[in-house]
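S.K.: mmCIF, C-alpha atoms, file coords-v9.cif:
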data_model
loop_
_atom_site.label_atom_id
_atom_site.label_comp_id
_atom_site.auth_asym_id
_atom_site.auth_seq_id
_atom_site.Cartn_x
_atom_site.Cartn_y
_atom_site.Cartn_z
CA MET N 1 77.62 81.24 118.04
CA ALA N 2 75.93 81.01 114.66
CA LYS N 3 79.22 81.73 112.96
CA LYS N 4 81.01 78.96 114.88
CA GLN N 5 78.28 76.46 114.03
CA GLU N 6 78.52 77.42 110.40
CA GLN N 7 82.31 76.87 110.41
CA LYS N 8 81.84 73.33 111.69
CA GLY N 9 80.18 72.28 108.44
CA LEU N 10 83.06 73.47 106.28
CA ASP N 11 85.81 71.27 104.84
CA THR N 12 89.32 72.18 103.75
CA PHE N 13 90.17 71.92 100.05
CA GLN N 14 93.53 72.02 98.29
CA TRP N 15 93.52 73.83 94.96
CA VAL N 16 95.71 74.70 91.98
CA GLY N 17 94.83 77.58 89.67
CA VAL N 18 95.97 80.46 87.49
CA SER N 19 95.78 84.16 88.40
CA ALA N 20 94.52 86.88 86.07
CA ARG N 21 98.15 87.53 85.12
CA GLY N 22 98.70 83.92 84.13
CA LYS N 23 100.73 83.03 87.21
CA ARG N 24 100.34 79.51 88.62
CA LEU N 25 99.02 79.56 92.18
CA GLU N 26 98.20 76.90 94.75
CA GLY N 27 96.80 76.93 98.25
CA GLU N 28 94.04 75.83 100.57
CA SER N 29 90.51 77.15 101.15
CA THR N 30 87.56 76.19 103.30
CA GLY N 31 84.07 75.64 101.97
CA ALA N 32 80.99 73.45 102.00
CA SER N 33 81.71 71.84 98.62
CA ILE N 34 84.14 71.81 95.70
CA ALA N 35 81.75 73.86 93.57
CA LEU N 36 81.50 76.61 96.20
CA VAL N 37 85.28 76.72 96.63
CA LYS N 38 85.69 77.08 92.84
CA ALA N 39 83.17 79.92 92.84
CA GLN N 40 85.00 81.58 95.71
CA LEU N 41 88.33 81.33 93.84
CA ARG N 42 86.82 82.83 90.69
CA LYS N 43 85.63 85.82 92.75
CA GLN N 44 89.25 86.27 93.85
CA GLY N 45 90.36 86.40 90.20
CA ILE N 46 91.78 82.87 90.22
CA THR N 47 90.80 80.27 87.62
CA PRO N 48 90.93 76.88 89.40
CA SER N 49 92.28 73.90 87.46
CA LYS N 50 92.23 71.37 90.30
CA VAL N 51 90.33 71.32 93.61
CA LYS N 52 90.30 68.36 96.00
CA ARG N 53 89.23 67.79 99.59
CA LYS N 54 92.16 67.75 102.01
CA ALA N 55 92.58 64.64 104.16
CA LYS N 56 91.80 65.31 107.81
CA PRO N 57 94.59 64.73 110.38
CA LEU N 58 94.51 61.63 112.59
CA PHE N 59 92.51 61.99 115.82
CA GLY N 60 91.51 65.50 114.75
CA ILE N 61 94.84 66.95 115.95
CA GLN N 62 95.74 70.22 114.26
CA ASN N 63 98.84 72.31 114.76
CA ILE N 64 98.43 75.96 115.67
CA GLN N 65 99.99 77.89 112.80
CA LYS N 66 101.88 81.13 113.11
CA ILE N 67 101.44 84.00 110.70
CA THR N 68 104.56 84.26 108.55
CA ALA N 69 105.76 86.97 106.18
CA LYS N 70 104.71 84.69 103.31
CA ASP N 71 101.17 84.60 104.72
CA ILE N 72 101.07 88.41 104.75
CA ALA N 73 102.40 88.52 101.18
CA LEU N 74 99.67 86.09 100.08
CA VAL N 75 96.95 88.07 101.90
CA THR N 76 98.19 91.28 100.25
CA ARG N 77 98.08 89.70 96.80
CA GLN N 78 94.57 88.36 97.43
CA ILE N 79 93.32 91.79 98.54
CA ALA N 80 94.91 93.41 95.48
CA THR N 81 93.33 90.83 93.14
CA MET N 82 89.87 91.24 94.66
CA LEU N 83 89.95 95.04 94.72
CA MET N 84 91.07 95.14 91.07
CA ALA N 85 88.20 92.76 90.26
CA GLY N 86 85.76 95.24 91.82
CA VAL N 87 85.02 93.34 95.05
CA PRO N 88 84.31 95.77 97.97
CA LEU N 89 87.05 96.05 100.61
CA ILE N 90 85.10 94.63 103.57
CA GLN N 91 83.81 91.71 101.49
CA SER N 92 87.38 91.03 100.28
CA ILE N 93 88.69 90.90 103.86
CA GLU N 94 85.85 88.58 104.93
CA MET N 95 86.42 86.23 101.98
CA ILE N 96 90.16 86.03 102.62
CA GLY N 97 89.60 85.34 106.31
CA SER N 98 87.03 82.61 105.72
CA GLY N 99 89.07 81.07 102.90
CA SER N 100 92.33 80.75 104.83
CA THR N 101 93.26 77.42 106.42
CA ASN N 102 95.52 79.22 108.88
CA LYS N 103 93.26 79.97 111.85
CA SER N 104 95.55 82.77 112.98
CA VAL N 105 95.16 84.51 109.60
CA THR N 106 91.39 84.02 109.83
CA LYS N 107 91.32 85.65 113.26
CA LEU N 108 93.54 88.52 112.09
CA MET N 109 91.33 89.22 109.08
CA GLU N 110 88.21 89.10 111.24
CA THR N 111 89.72 91.63 113.64
CA VAL N 112 90.80 93.97 110.81
CA GLY N 113 87.39 93.60 109.13
CA ASP N 114 85.52 94.44 112.35
CA GLU N 115 87.62 97.58 112.83
CA VAL N 116 86.92 98.74 109.27
CA LYS N 117 83.19 97.98 109.68
CA ALA N 118 83.18 100.15 112.81
CA GLY N 119 84.15 103.15 110.68
CA GLY N 120 87.94 103.13 110.91
CA THR N 121 90.29 103.29 107.97
CA LEU N 122 92.09 100.17 106.80
CA SER N 123 95.51 101.74 107.46
CA ASP N 124 94.55 102.50 111.07
CA ALA N 125 93.23 98.96 111.52
CA LEU N 126 96.48 97.52 110.17
CA ARG N 127 98.61 99.78 112.41
CA LYS N 128 97.10 98.01 115.44
CA HIS N 129 98.96 94.86 114.32
CA PRO N 130 102.58 96.07 113.90
CA ARG N 131 103.87 92.53 114.25
CA TYR N 132 102.46 91.73 110.81
CA PHE N 133 102.10 95.15 109.12
CA ASP N 134 105.09 97.47 109.48
CA ASP N 135 105.07 101.28 109.13
CA LEU N 136 106.03 101.13 105.46
CA TYR N 137 103.09 98.81 104.69
CA CYS N 138 100.62 100.99 106.60
CA ASP N 139 101.94 104.25 105.12
CA LEU N 140 101.49 102.88 101.59
CA VAL N 141 97.94 101.76 102.36
CA ALA N 142 97.19 105.19 103.84
CA SER N 143 98.47 106.90 100.67
CA GLY N 144 96.22 104.61 98.62
CA GLU N 145 93.20 105.53 100.73
CA GLN N 146 93.94 109.24 100.33
CA SER N 147 94.45 109.01 96.57
CA GLY N 148 91.46 106.72 96.00
CA ALA N 149 93.66 104.14 94.26
CA LEU N 150 93.75 101.47 96.95
CA ASP N 151 93.65 98.63 94.42
CA LYS N 152 96.76 99.88 92.60
CA ILE N 153 98.57 100.50 95.87
CA PHE N 154 97.81 96.98 97.09
CA ASP N 155 99.07 95.63 93.78
CA ARG N 156 102.37 97.49 94.30
CA VAL N 157 102.61 96.44 97.93
CA ALA N 158 101.89 92.82 96.98
CA LEU N 159 104.64 92.92 94.35
CA TYR N 160 107.00 94.49 96.90
CA LYS N 161 106.25 91.83 99.53
CA GLU N 162 106.61 89.00 97.01
CA LYS N 163 109.94 90.33 95.74
CA SER N 164 111.17 90.91 99.31
CA GLU N 165 110.31 87.37 100.37
CA ALA N 166 111.93 85.92 97.25
CA LEU N 167 115.08 87.94 97.92
CA LYS N 168 115.11 86.90 101.58
CA SER N 169 114.79 83.26 100.54
CA LYS N 170 117.77 83.59 98.17
CA ILE N 171 119.92 85.18 100.89
CA LYS N 172 119.06 82.37 103.31
CA LYS N 173 119.98 79.86 100.61
CA ALA N 174 123.30 81.65 100.04
CA MET N 175 124.10 81.56 103.77
CA PHE N 176 123.03 77.94 104.14
CA TYR N 177 125.71 76.44 101.88
CA PRO N 178 128.83 77.71 103.72
CA ILE N 179 127.29 76.78 107.06
CA SER N 180 126.46 73.31 105.76
CA VAL N 181 130.09 72.81 104.66
CA LEU N 182 131.35 73.67 108.16
CA VAL N 183 128.73 71.54 109.93
CA ILE N 184 129.30 68.47 107.75
CA ALA N 185 133.07 68.83 108.05
CA GLY N 186 132.81 69.16 111.83
CA ILE N 187 130.52 66.13 112.20
CA VAL N 188 132.66 63.87 109.98
CA THR N 189 135.90 64.94 111.70
CA SER N 190 134.40 64.44 115.18
CA ILE N 191 133.17 60.93 114.33
CA LEU N 192 136.60 59.94 113.00
CA LEU N 193 138.45 61.39 116.01
CA ILE N 194 136.14 59.91 118.65
CA PHE N 195 135.38 56.47 117.18
CA VAL N 196 137.93 55.60 114.46
CA VAL N 197 141.27 56.92 115.72
CA PRO N 198 141.05 55.03 119.07
CA GLN N 199 140.95 51.74 117.10
CA PHE N 200 144.35 52.58 115.62
CA GLN N 201 145.75 53.55 119.02
CA ASP N 202 145.42 49.92 120.18
CA ILE N 203 147.40 48.79 117.13
CA PHE N 204 150.11 51.42 117.65
CA ALA N 205 150.56 50.40 121.31
CA GLY N 206 152.38 47.20 120.26
CA PHE N 207 154.69 48.77 117.69
CA GLY N 208 157.49 49.58 120.15
CA ALA N 209 158.65 52.54 118.04
CA GLU N 210 158.23 56.29 118.20
CA LEU N 211 155.22 57.46 116.23
CA PRO N 212 155.44 60.29 113.63
CA ALA N 213 154.72 63.80 114.92
CA PHE N 214 151.65 64.15 112.70
CA THR N 215 150.18 60.91 114.09
CA LEU N 216 150.92 61.95 117.69
CA MET N 217 149.17 65.28 117.09
CA VAL N 218 146.04 63.54 115.73
CA ILE N 219 146.04 61.06 118.64
CA GLY N 220 146.33 63.96 121.10
CA ILE N 221 143.35 65.71 119.53
CA SER N 222 141.43 62.41 119.55
CA GLU N 223 142.11 61.85 123.27
CA PHE N 224 141.02 65.40 124.05
CA MET N 225 137.80 64.93 122.05
CA GLN N 226 137.04 61.61 123.78
CA GLU N 227 137.54 63.16 127.21
CA TYR N 228 135.96 66.57 126.74
CA TRP N 229 133.55 66.26 123.77
CA TRP N 230 130.62 67.29 125.94
CA ILE N 231 132.45 70.41 127.12
CA ILE N 232 133.22 71.33 123.51
CA LEU N 233 129.56 70.82 122.54
CA ILE N 234 128.30 72.94 125.43
CA ALA N 235 130.90 75.62 124.65
CA LEU N 236 129.82 75.79 121.00
CA PHE N 237 126.12 76.08 121.84
CA GLY N 238 126.92 78.54 124.64
CA PHE N 239 129.01 80.73 122.36
CA GLY N 240 126.31 80.68 119.68
CA TYR N 241 123.59 81.66 122.15
CA ALA N 242 125.73 84.35 123.83
CA TYR N 243 126.70 85.84 120.46
CA LYS N 244 123.08 85.92 119.33
CA GLU N 245 121.99 87.66 122.55
CA ALA N 246 124.89 90.12 122.26
CA LEU N 247 123.84 91.00 118.71
CA LEU N 248 120.31 91.77 119.94
CA LYS N 249 121.50 94.01 122.79
CA ASN N 250 124.71 95.61 121.47
CA LYS N 251 124.24 98.03 118.56
CA LYS N 252 128.00 98.47 117.99
CA LEU N 253 128.46 94.72 117.72
CA ARG N 254 125.57 94.49 115.23
CA ASP N 255 127.10 97.23 113.10
CA ALA N 256 130.53 95.58 113.19
CA ASN N 257 128.91 92.24 112.29
CA ASP N 258 127.14 93.84 109.31
CA ARG N 259 130.38 95.40 108.07
CA ALA N 260 132.28 92.12 108.44
CA ILE N 261 129.62 90.11 106.57
CA LEU N 262 129.80 92.43 103.56
CA LYS N 263 133.56 91.77 103.30
CA LEU N 264 133.23 87.99 103.15
CA PRO N 265 134.31 86.39 99.85
CA VAL N 266 131.39 85.52 97.53
CA ILE N 267 128.79 85.86 100.33
CA GLY N 268 129.65 89.55 100.75
CA MET N 269 129.13 90.17 97.04
CA ILE N 270 125.70 88.53 97.16
CA LEU N 271 124.66 90.53 100.25
CA ASN N 272 125.81 93.79 98.64
CA LYS N 273 123.74 93.09 95.53
CA ALA N 274 120.77 92.14 97.72
CA ALA N 275 121.04 95.40 99.68
CA VAL N 276 121.06 97.43 96.44
CA ALA N 277 118.05 95.48 95.14
CA ARG N 278 116.15 96.03 98.41
CA TYR N 279 117.00 99.75 98.37
CA ALA N 280 115.83 100.20 94.78
CA ARG N 281 112.66 98.12 95.24
CA THR N 282 111.61 99.97 98.41
CA LEU N 283 112.24 103.41 96.88
CA SER N 284 110.44 102.47 93.67
CA THR N 285 107.37 101.20 95.53
CA THR N 286 107.08 104.10 97.98
CA PHE N 287 107.89 106.86 95.47
CA ALA N 288 105.42 105.46 92.92
CA ALA N 289 102.75 105.43 95.64
CA GLY N 290 103.12 109.18 96.08
CA VAL N 291 105.30 109.15 99.18
CA PRO N 292 107.73 112.15 99.19
CA LEU N 293 111.31 111.20 98.29
CA VAL N 294 112.71 112.14 101.71
CA ASP N 295 110.15 109.92 103.48
CA ALA N 296 110.75 107.17 100.90
CA LEU N 297 114.47 107.27 101.69
CA ASP N 298 113.63 106.93 105.38
CA SER N 299 111.62 103.78 104.59
CA ALA N 300 114.44 102.45 102.39
CA ALA N 301 116.93 102.93 105.24
CA GLY N 302 114.71 100.93 107.58
CA ALA N 303 114.29 98.15 105.01
CA SER N 304 117.98 97.98 104.01
CA GLY N 305 118.78 95.06 106.32
CA ASN N 306 122.40 96.13 106.86
CA ALA N 307 123.91 98.90 109.00
CA VAL N 308 126.38 99.99 106.31
CA TYR N 309 123.59 100.69 103.82
CA ARG N 310 121.25 102.07 106.48
CA TYR N 311 123.73 104.78 107.50
CA ALA N 312 124.59 105.51 103.86
CA ILE N 313 120.90 105.93 102.94
CA LEU N 314 120.32 108.22 105.93
CA ASP N 315 123.25 110.36 104.71
CA ILE N 316 121.66 110.42 101.25
CA LYS N 317 118.40 111.52 102.85
CA ALA N 318 120.19 114.38 104.63
CA GLU N 319 121.80 115.54 101.36
CA VAL N 320 118.51 115.31 99.43
CA SER N 321 116.78 117.28 102.19
CA SER N 322 119.37 120.05 101.78
CA GLY N 323 118.63 120.28 98.04
CA ASN N 324 121.19 117.97 96.39
CA GLN N 325 120.19 115.50 93.68
CA MET N 326 119.89 111.90 94.82
CA ASN N 327 122.40 110.58 92.29
CA TRP N 328 125.07 112.97 93.62
CA ALA N 329 124.29 111.95 97.19
CA MET N 330 124.54 108.27 96.21
CA ARG N 331 127.91 108.91 94.53
CA ASN N 332 129.20 110.58 97.70
CA SER N 333 128.22 107.52 99.76
CA LYS N 334 130.75 105.46 97.73
CA ILE N 335 128.91 102.16 98.21
CA PHE N 336 126.57 102.12 95.20
CA PRO N 337 127.76 100.81 91.79
CA ASP N 338 128.25 103.36 88.99
CA MET N 339 125.54 101.73 86.88
CA VAL N 340 122.96 102.26 89.63
CA ILE N 341 123.99 105.90 90.07
CA GLN N 342 123.80 106.54 86.31
CA MET N 343 120.35 104.95 86.04
CA VAL N 344 119.10 107.04 88.99
CA ALA N 345 120.52 110.17 87.31
CA ILE N 346 118.65 109.32 84.10
CA GLY N 347 115.48 108.71 86.11
CA GLU N 348 115.78 112.10 87.84
CA GLU N 349 116.38 113.93 84.57
CA SER N 350 113.52 112.20 82.74
CA GLY N 351 111.07 112.37 85.65
CA SER N 352 110.68 108.59 85.78
CA LEU N 353 112.70 107.82 88.91
CA ASP N 354 110.27 105.16 90.19
CA GLY N 355 110.37 103.25 86.89
CA MET N 356 114.16 103.42 86.67
CA LEU N 357 114.52 102.22 90.27
CA ALA N 358 112.19 99.31 89.50
CA LYS N 359 114.49 98.33 86.62
CA VAL N 360 117.53 98.54 88.92
CA ALA N 361 115.76 96.33 91.46
CA THR N 362 114.88 93.75 88.79
CA ILE N 363 118.46 93.67 87.47
CA TYR N 364 120.01 93.18 90.90
CA GLU N 365 117.41 90.65 92.03
CA GLN N 366 118.30 88.59 88.96
CA GLU N 367 122.02 89.00 89.73
CA VAL N 368 121.43 87.75 93.28
CA ASP N 369 119.53 84.77 91.89
CA ASP N 370 122.35 83.95 89.45
CA ALA N 371 125.00 84.41 92.16
CA VAL N 372 123.21 82.06 94.55
CA ASP N 373 122.90 79.41 91.83
CA GLY N 374 126.59 79.87 91.04
CA LEU N 375 127.46 79.58 94.72
CA SER N 376 125.65 76.26 95.05
CA SER N 377 127.51 74.94 91.99
CA LEU N 378 130.81 76.19 93.41
CA LEU N 379 130.31 74.74 96.87
CA GLU N 380 129.34 71.23 95.78
CA PRO N 381 132.95 70.40 94.74
CA LEU N 382 134.23 72.52 97.64
CA ILE N 383 132.36 70.33 100.14
CA MET N 384 133.93 67.25 98.57
CA ALA N 385 137.38 68.90 98.65
CA VAL N 386 137.10 69.93 102.32
CA LEU N 387 135.87 66.50 103.38
CA GLY N 388 138.56 64.86 101.25
CA VAL N 389 141.31 66.90 102.92
CA LEU N 390 140.00 66.19 106.42
CA VAL N 391 139.35 62.48 105.93
CA GLY N 392 142.48 62.02 103.83
CA GLY N 393 144.61 63.81 106.41
CA LEU N 394 143.33 61.60 109.21
CA ILE N 395 143.88 58.44 107.14
CA ILE N 396 147.44 59.49 106.33
CA ALA N 397 148.11 60.23 110.02
CA MET N 398 146.88 56.76 110.99
CA TYR N 399 148.72 54.85 108.27
CA LEU N 400 152.08 56.65 108.54
CA PRO N 401 153.26 54.33 111.38
CA ILE N 402 152.17 51.28 109.33
CA PHE N 403 154.18 52.55 106.35
CA GLN N 404 157.20 52.88 108.67
CA LEU N 405 156.65 49.44 110.21
CA GLY N 406 159.35 47.91 108.00
CA SER N 407 162.06 49.93 109.71
CA VAL N 408 161.00 48.64 113.13
CA ILE N 409 161.01 44.91 112.22
#
In structure tokens, what does this structure look like?
M.R.:
Amino acid sequence: MAKKQEQKGLDTFQWVGVSARGKRLEGESTGASIALVKAQLRKQGITPSKVKRKAKPLFGIQNIQKITAKDIALVTRQIATMLMAGVPLIQSIEMIGSGSTNKSVTKLMETVGDEVKAGGTLSDALRKHPRYFDDLYCDLVASGEQSGALDKIFDRVALYKEKSEALKSKIKKAMFYPISVLVIAGIVTSILLIFVVPQFQDIFAGFGAELPAFTLMVIGISEFMQEYWWIILIALFGFGYAYKEALLKNKKLRDANDRAILKLPVIGMILNKAAVARYARTLSTTFAAGVPLVDALDSAAGASGNAVYRYAILDIKAEVSSGNQMNWAMRNSKIFPDMVIQMVAIGEESGSLDGMLAKVATIYEQEVDDAVDGLSSLLEPLIMAVLGVLVGGLIIAMYLPIFQLGSVI
């Protein structure tokens, strides 16, 4: 009860600051005053440059927030920063929980903190929340607890989560553009067929001449759309829902879908590069944390995000388990670029495999970033071209009879 009463006197503050590494950060924290919030941020290793009280919502209505992957990445970075600054683990968890404006994160941190206070390990406490902390996350934390380098492990995990979220965001951006082209084209075409073409039909009715085949085809499509547009809409939504459910339940369909996506022009190239980056980043993080290579490959397979790469990595794991070098196993898989294989070979020979994999991940993450930017630049004129062809085609179909009107008179 005392804790709840204490929370009532706290306000929410928005802040902007700089981390110990010089990275610009921004977020929200709760506290009794601006001075206390600034002090709290400094304890977290953040130098605040701007702190202001957040305006309260009308009528006191607040939305219940879900815990996202970005929230977990932020929590991980905050724990890493505090541990490296010498703040005890339990105090770090309490400060993060009390400082979060997301009530769900606050509750999660309180639960984890209580379990650690009761004598359990942090990794065991996190394993009780698999929805937010996967096996890879928990295994890395466990290795940090065993080695006594929990702060360094959290720093690596935080970097891994941040890079993973950034990569995921780029992939979503890459997928968004082609979908937007199709959606915009569909909406514009539907509006023209349902509302514009019928206006021309009334004009054509008094011509008394046979209409061109192209015009008749467009009118036929228009009449079908006017009559059955709701059936088409239901069918599209129904197909989308059914396909999504089938993907969740049918493993063979998921695998076929993954293979097909990788073969798409431009998008497939981006997804291949992203899979290589994810593979290298996961292996680098787990191997550097002291996880055996075979177990690290198992984690990389689970984090691959595509069936083609997952099966290939599991085959690599089997070959490495039987005594083969990883670079030879990767070459046999025939899906990894030669440059990646050569860099892994150098890493194995020099004993710096984790560092070399980190460089591979950085290179391919940058390539994904450049490819996504290039895709957006490519699709801007493509959208205009597609819409121009559709709209222009419909206009030509409607004006063809008018051009031929002279032969009728």
S.K.: Starting from the shown file, work through the PyMOL selection byres ((chain N and resi 223-234) around 12) and note down what comes out as a PyMOL selection string.
M.R.: chain N and resi 186-187+189-199+201+216-222+235-242
S.K.: So which residues touch Phe176 (chain N) within 12 Å, counting all atoms listed in the file, skipping near sequence neighbours fewer than 4 positions away, as a PyMOL selection string?
M.R.: chain N and resi 169-172+180-184+267+372+375-376+379
S.K.: Given the PyMOL selection byres ((chain N and resi 143) around 10) and the file above, list the residues it selects as a PyMOL selection string.
M.R.: chain N and resi 123+138-142+144-150+153+286+289-291
S.K.: Choose the residue, out of N:Met343, N:Ala300, N:Leu126, N:Met398, that has the smallest atom-to-atom separation from Thr111 (chain N); count all atoms listed in the file.
M.R.: N:Leu126
S.K.: My list of candidates is N:Val105, N:Val16, N:Ala118, N:Ala39. Which is closest to Thr68 (chain N) when distances are computed with all atoms listed in the file?
M.R.: N:Val105
S.K.: Tell me which residues the PyMOL selection byres ((chain N and resi 328) around 10) grabs here, as a compact mmCIF listing (two decimals) with C-alpha atoms, keeping the file's coordinate frame.
M.R.:
# COMPACT_ATOMS: atom_id res chain seq x y z
CA ILE N 316 121.66 110.42 101.25
CA GLU N 319 121.80 115.54 101.36
CA VAL N 320 118.51 115.31 99.43
CA ASN N 324 121.19 117.97 96.39
CA GLN N 325 120.19 115.50 93.68
CA MET N 326 119.89 111.90 94.82
CA ASN N 327 122.40 110.58 92.29
CA ALA N 329 124.29 111.95 97.19
CA MET N 330 124.54 108.27 96.21
CA ARG N 331 127.91 108.91 94.53
CA ASN N 332 129.20 110.58 97.70
CA SER N 333 128.22 107.52 99.76
CA ILE N 341 123.99 105.90 90.07
CA GLN N 342 123.80 106.54 86.31
CA VAL N 344 119.10 107.04 88.99
CA ALA N 345 120.52 110.17 87.31
S.K.: Could you pull the residues within 12 Å of Ser284 (chain N), counting all atoms listed in the file, minus those fewer than 4 positions along the same chain, as a ChimeraX atom specification?
M.R.: /N:140,156-157,159-160,277-280,288-293,296-297,299-300,344,347,352-362
S.K.: Please, what distance in Å, to one decimal, runs between CA of Val51 (chain N) and CA of Gln14 (chain N)?
M.R.: 5.7 Å
S.K.: In Å, with one decimal, what is the gap from CA of Leu41 (chain N) to CA of Tyr132 (chain N)?
M.R.: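 Computed distance, CA of Leu41 (chain N) to CA of Tyr132 (chain N), equals 24.4 Å.
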S.K.: Quick one: everything within 7 Å of region 87-97 of chain N, counting only C-alpha atoms, minus sequence neighbours fewer than 2 positions away in the same chain. Send it as a ChimeraX atom specification.
M.R.: /N:79,82-83,85,99-100,105-106,109-110,113
S.K.: May I ask which of the residues N:Val188, N:Ile383, N:Ala125, N:Val75 is the closest one to Glu162 (chain N), counting all atoms listed in the file?
M.R.: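 With all atoms listed in the file as the atom set, the closest residue is N:Val75.
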S.K.: Just checking: using all atoms listed in the file, which residue out of N:Arg131, N:Lys38, N:Lys168, N:Lys54 ends up closest to Thr101 (chain N)?
M.R.: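 Among the listed residues, N:Lys54 lies closest to Thr101 (chain N).
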S.K.: Of the candidates N:Ala174, N:Ile335, N:Ile270, N:Ile346, which one gets nearest to Glu367 (chain N) if we count all atoms listed in the file?
M.R.: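 The answer is N:Ile270, which sits nearest to Glu367 (chain N).
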S.K.: For CA of Ala385 (chain N) and CA of Ile179 (chain N), quote the distance in Å rounded to one decimal.
M.R.: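 Here the two named atoms are 15.3 Å from each other.
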S.K.: Here is a test: counting all atoms listed in the file, which residue of N:Gly351, N:Glu210, N:Asp370, N:Val18 is nearest to Phe287 (chain N)?
M.R.: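 Among the listed residues, N:Gly351 lies closest to Phe287 (chain N).
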S.K.: Can you give me N, CA and C atoms for region 351-370 of chain N, written as a PDB file, in the frame of the given file?
M.R.:
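So rebuild.pdb came out as:
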ATOM      1  N   GLY N 351     112.286 112.345  84.846  1.00  0.00           N
ATOM      2  CA  GLY N 351     111.070 112.370  85.650  1.00  0.00           C
ATOM      3  C   GLY N 351     110.424 111.004  85.837  1.00  0.00           C
ATOM      4  N   SER N 352     111.213 109.951  85.630  1.00  0.00           N
ATOM      5  CA  SER N 352     110.680 108.590  85.780  1.00  0.00           C
ATOM      6  C   SER N 352     111.556 107.798  86.763  1.00  0.00           C
ATOM      7  N   LEU N 353     111.801 108.415  87.921  1.00  0.00           N
ATOM      8  CA  LEU N 353     112.700 107.820  88.910  1.00  0.00           C
ATOM      9  C   LEU N 353     112.168 106.482  89.422  1.00  0.00           C
ATOM     10  N   ASP N 354     110.841 106.402  89.663  1.00  0.00           N
ATOM     11  CA  ASP N 354     110.270 105.160  90.190  1.00  0.00           C
ATOM     12  C   ASP N 354     110.442 104.006  89.192  1.00  0.00           C
ATOM     13  N   GLY N 355     110.214 104.279  87.915  1.00  0.00           N
ATOM     14  CA  GLY N 355     110.370 103.250  86.890  1.00  0.00           C
ATOM     15  C   GLY N 355     111.809 102.805  86.737  1.00  0.00           C
ATOM     16  N   MET N 356     112.741 103.759  86.813  1.00  0.00           N
ATOM     17  CA  MET N 356     114.160 103.420  86.670  1.00  0.00           C
ATOM     18  C   MET N 356     114.633 102.612  87.876  1.00  0.00           C
ATOM     19  N   LEU N 357     114.163 102.972  89.065  1.00  0.00           N
ATOM     20  CA  LEU N 357     114.520 102.220  90.270  1.00  0.00           C
ATOM     21  C   LEU N 357     113.964 100.797  90.214  1.00  0.00           C
ATOM     22  N   ALA N 358     112.768 100.654  89.653  1.00  0.00           N
ATOM     23  CA  ALA N 358     112.190  99.310  89.500  1.00  0.00           C
ATOM     24  C   ALA N 358     113.050  98.451  88.584  1.00  0.00           C
ATOM     25  N   LYS N 359     113.608  99.069  87.520  1.00  0.00           N
ATOM     26  CA  LYS N 359     114.490  98.330  86.620  1.00  0.00           C
ATOM     27  C   LYS N 359     115.788  97.929  87.330  1.00  0.00           C
ATOM     28  N   VAL N 360     116.317  98.849  88.144  1.00  0.00           N
ATOM     29  CA  VAL N 360     117.530  98.540  88.920  1.00  0.00           C
ATOM     30  C   VAL N 360     117.264  97.364  89.850  1.00  0.00           C
ATOM     31  N   ALA N 361     116.106  97.403  90.535  1.00  0.00           N
ATOM     32  CA  ALA N 361     115.760  96.330  91.460  1.00  0.00           C
ATOM     33  C   ALA N 361     115.659  94.992  90.731  1.00  0.00           C
ATOM     34  N   THR N 362     115.020  94.993  89.568  1.00  0.00           N
ATOM     35  CA  THR N 362     114.880  93.750  88.790  1.00  0.00           C
ATOM     36  C   THR N 362     116.236  93.201  88.361  1.00  0.00           C
ATOM     37  N   ILE N 363     117.121  94.092  87.908  1.00  0.00           N
ATOM     38  CA  ILE N 363     118.460  93.670  87.470  1.00  0.00           C
ATOM     39  C   ILE N 363     119.223  93.026  88.615  1.00  0.00           C
ATOM     40  N   TYR N 364     119.213  93.682  89.776  1.00  0.00           N
ATOM     41  CA  TYR N 364     120.010  93.180  90.900  1.00  0.00           C
ATOM     42  C   TYR N 364     119.380  91.964  91.566  1.00  0.00           C
ATOM     43  N   GLU N 365     118.060  91.869  91.531  1.00  0.00           N
ATOM     44  CA  GLU N 365     117.410  90.650  92.030  1.00  0.00           C
ATOM     45  C   GLU N 365     117.806  89.448  91.178  1.00  0.00           C
ATOM     46  N   GLN N 366     117.881  89.665  89.858  1.00  0.00           N
ATOM     47  CA  GLN N 366     118.300  88.590  88.960  1.00  0.00           C
ATOM     48  C   GLN N 366     119.773  88.242  89.191  1.00  0.00           C
ATOM     49  N   GLU N 367     120.599  89.249  89.459  1.00  0.00           N
ATOM     50  CA  GLU N 367     122.020  89.000  89.730  1.00  0.00           C
ATOM     51  C   GLU N 367     122.199  88.201  91.015  1.00  0.00           C
ATOM     52  N   VAL N 368     121.377  88.515  92.031  1.00  0.00           N
ATOM     53  CA  VAL N 368     121.430  87.750  93.280  1.00  0.00           C
ATOM     54  C   VAL N 368     121.036  86.299  93.011  1.00  0.00           C
ATOM     55  N   ASP N 369     119.986  86.123  92.229  1.00  0.00           N
ATOM     56  CA  ASP N 369     119.530  84.770  91.890  1.00  0.00           C
ATOM     57  C   ASP N 369     120.628  83.988  91.179  1.00  0.00           C
ATOM     58  N   ASP N 370     121.274  84.615  90.194  1.00  0.00           N
ATOM     59  CA  ASP N 370     122.350  83.950  89.450  1.00  0.00           C
ATOM     60  C   ASP N 370     123.538  83.644  90.356  1.00  0.00           C
TER      61      ASP N 370
END
